[in-house]
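Below you'll find the structure, written out as structure tokens, and then a few comments.
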Amino acid sequence: MQPESKFVESDGVKHHYLEWGNPDNPNVVMFHAVGMCSQIWNNTARDLARDYHVYSFDLRGHGDTEHKHGGYTFQEIGEDSASVIQALGLEESIAIGHSAGGMSMLIADSLVPGIIGKGVLVDTRVGESPMNLLTPEEAKLRIERTLQKRSIWESRDAMYAAYRDRRVFKPWTDEVFTDYIDGATRPLGDGRVELKCNPQVEESFYQNRVELDTAKVLKGLGGEYVLLVGAYDGAQTPQDAAVLHLQKETKDFQVKELGAGSHFVPMEHPNLVLKEIRNFID
């Protein structure tokens, strides 16, 4: 099953999304992490489309979503998520988001309580920024590495070969990794390809996340949520203060520790994540 590539404009942003499945089925909306793209959910969307009408969106600054100004903040991607859901008449849908994609859903629900019916947060850090868990030296190195990312490659095959064995990408399944390479780059017409998410945009989101006070932003949410967390040092736990805060601010909230995977668990163990998504929404 192949998706349709579509656009919808709302609040000055021309949102790109992939649409899967039968419009008569319940709606699912999906949002990716910083530096990723809508295609990162292809594996999951393809399965869910057997029973649901699935939309996978590119966040601003990513993929093929177009906008006339910068605004690379978490508040603005939350506003975007609320806006595009309303533009397409998808209020009270099931929503799935990884990392920043999950935060965009939460902010949307805080702006318009109940706009999310059920939400699956896949390793979305609901408290302070993960950058705050690093030493100043580690944080500086991470930003430097982000800004030094190569934006233009001779081909997708060349990017694939260069990235495939890197520490972050090595545990990913080949299907998801290939979808990432295809979706995160655009052809330049001479055989070369360019990253759709500029490294400066990615770094702007990381910097802004440090300033985001989720205790002030995430209030009065109307949806029911599950937070799926990977198994790694520093992963969130049901006892974390921010998790306990969300338990009070949502209609219903639960945490599911997956027992495997890093922060990139949906790329490393897509079938495990899919199983837990279906356990929650079916």
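Going by the structure tokens order, chains are called A, B, ..., each with residues numbered from 1, while ligands are numbered from 1 in the order shown.
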Can you write out as a Markdown table which residues of region 52-125 of chain A fall within 9 Å of region 179-198 of chain A, alongside each residue's closest atom pair and its distance in Å to one decimal, counting only C-alpha atoms and ordering rows by chain and ascending residue number?
```
| residue | atom | partner | partner_atom | distance |
| --- | --- | --- | --- | --- |
| A:Gly61 | CA | A:Cys197 | CA | 5.8 |
| A:His62 | CA | A:Cys197 | CA | 4.7 |
| A:Gly63 | CA | A:Lys196 | CA | 5.4 |
| A:Asp64 | CA | A:Lys196 | CA | 7.4 |
```
With a distance cut-off of 8 Å and only C-alpha atoms, select the neighbouring residues of region 7-22 of chain A, excluding the residue or stretch itself and same-chain residues fewer than 3 positions from it, and output the selection as a VMD selection string.
chain A and resid 1 to 4 25 38 to 39 45 to 46 49 to 60 63 to 68 80 83 to 84 87 to 88
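The list of residues with at least one atom within 10 Å of region 277-282 of chain A, based on only C-alpha atoms and without residues fewer than 5 positions apart in the same chain, reads Val28, Thr44, Asp47, Leu48, Asp51, Tyr52, Ile94, Ala95, Ile96, Lys118, Gly119, Val120, Leu121, Val122, Glu224, Tyr225, Val226, Leu228, Asn271 and Leu272 of chain A.
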Hey, what's within 9 Å of region 160-166 of chain A if we count only C-alpha atoms and toss same-chain stuff fewer than 4 positions away? As an MDAnalysis selection string, please?
chainID A and resid 155:156 170:172 174 177:178 181
Please save N, CA and C atoms of the selected residues as a JSON list (two decimals), in the first residue's frame.
```json
[["chain", "number", "residue", "atom", "x", "y", "z"],
["A", 155, "SER", "N", 24.83, 11.37, -3.83],
["A", 155, "SER", "CA", 23.63, 10.59, -4.14],
["A", 155, "SER", "C", 23.06, 10.05, -2.83],
["A", 156, "ARG", "N", 21.84, 9.52, -2.91],
["A", 156, "ARG", "CA", 21.27, 8.86, -1.73],
["A", 156, "ARG", "C", 22.06, 7.62, -1.37],
["A", 170, "LYS", "N", 23.06, 2.54, 13.25],
["A", 170, "LYS", "CA", 23.35, 1.11, 13.08],
["A", 170, "LYS", "C", 22.24, 0.20, 13.61],
["A", 171, "PRO", "N", 21.58, 0.52, 14.76],
["A", 171, "PRO", "CA", 20.52, -0.37, 15.26],
["A", 171, "PRO", "C", 19.20, -0.26, 14.50],
["A", 172, "TRP", "N", 19.04, 0.73, 13.61],
["A", 172, "TRP", "CA", 17.78, 0.91, 12.90],
["A", 172, "TRP", "C", 17.57, -0.28, 11.95],
["A", 174, "ASP", "N", 16.69, -1.86, 8.38],
["A", 174, "ASP", "CA", 17.07, -1.34, 7.08],
["A", 174, "ASP", "C", 15.90, -0.67, 6.37],
["A", 177, "PHE", "N", 15.50, 2.80, 7.93],
["A", 177, "PHE", "CA", 16.65, 3.63, 7.55],
["A", 177, "PHE", "C", 16.55, 4.08, 6.10],
["A", 178, "THR", "N", 16.16, 3.18, 5.21],
["A", 178, "THR", "CA", 16.00, 3.53, 3.79],
["A", 178, "THR", "C", 14.89, 4.57, 3.61],
["A", 181, "ILE", "N", 16.39, 7.93, 4.55],
["A", 181, "ILE", "CA", 17.27, 8.48, 3.51],
["A", 181, "ILE", "C", 16.44, 9.04, 2.36]]
```
Sorted by chain and rising residue number, list the residues of region 87-140 of chain A at most 9 Å from region 242-247 of chain A (counting only C-alpha atoms), each with its closest atom pair and distance in Å to one decimal, as a Markdown table.
```
| residue | atom | partner | partner_atom | distance |
| --- | --- | --- | --- | --- |
| A:Arg125 | CA | A:Ala242 | CA | 8.7 |
| A:Val126 | CA | A:Ala242 | CA | 6.0 |
| A:Gly127 | CA | A:Ala242 | CA | 4.8 |
| A:Glu128 | CA | A:Ala242 | CA | 8.1 |
```
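The gap separating CA of Ser5 (chain A) from CA of Phe169 (chain A) is 26.0 Å, in Å to one decimal.
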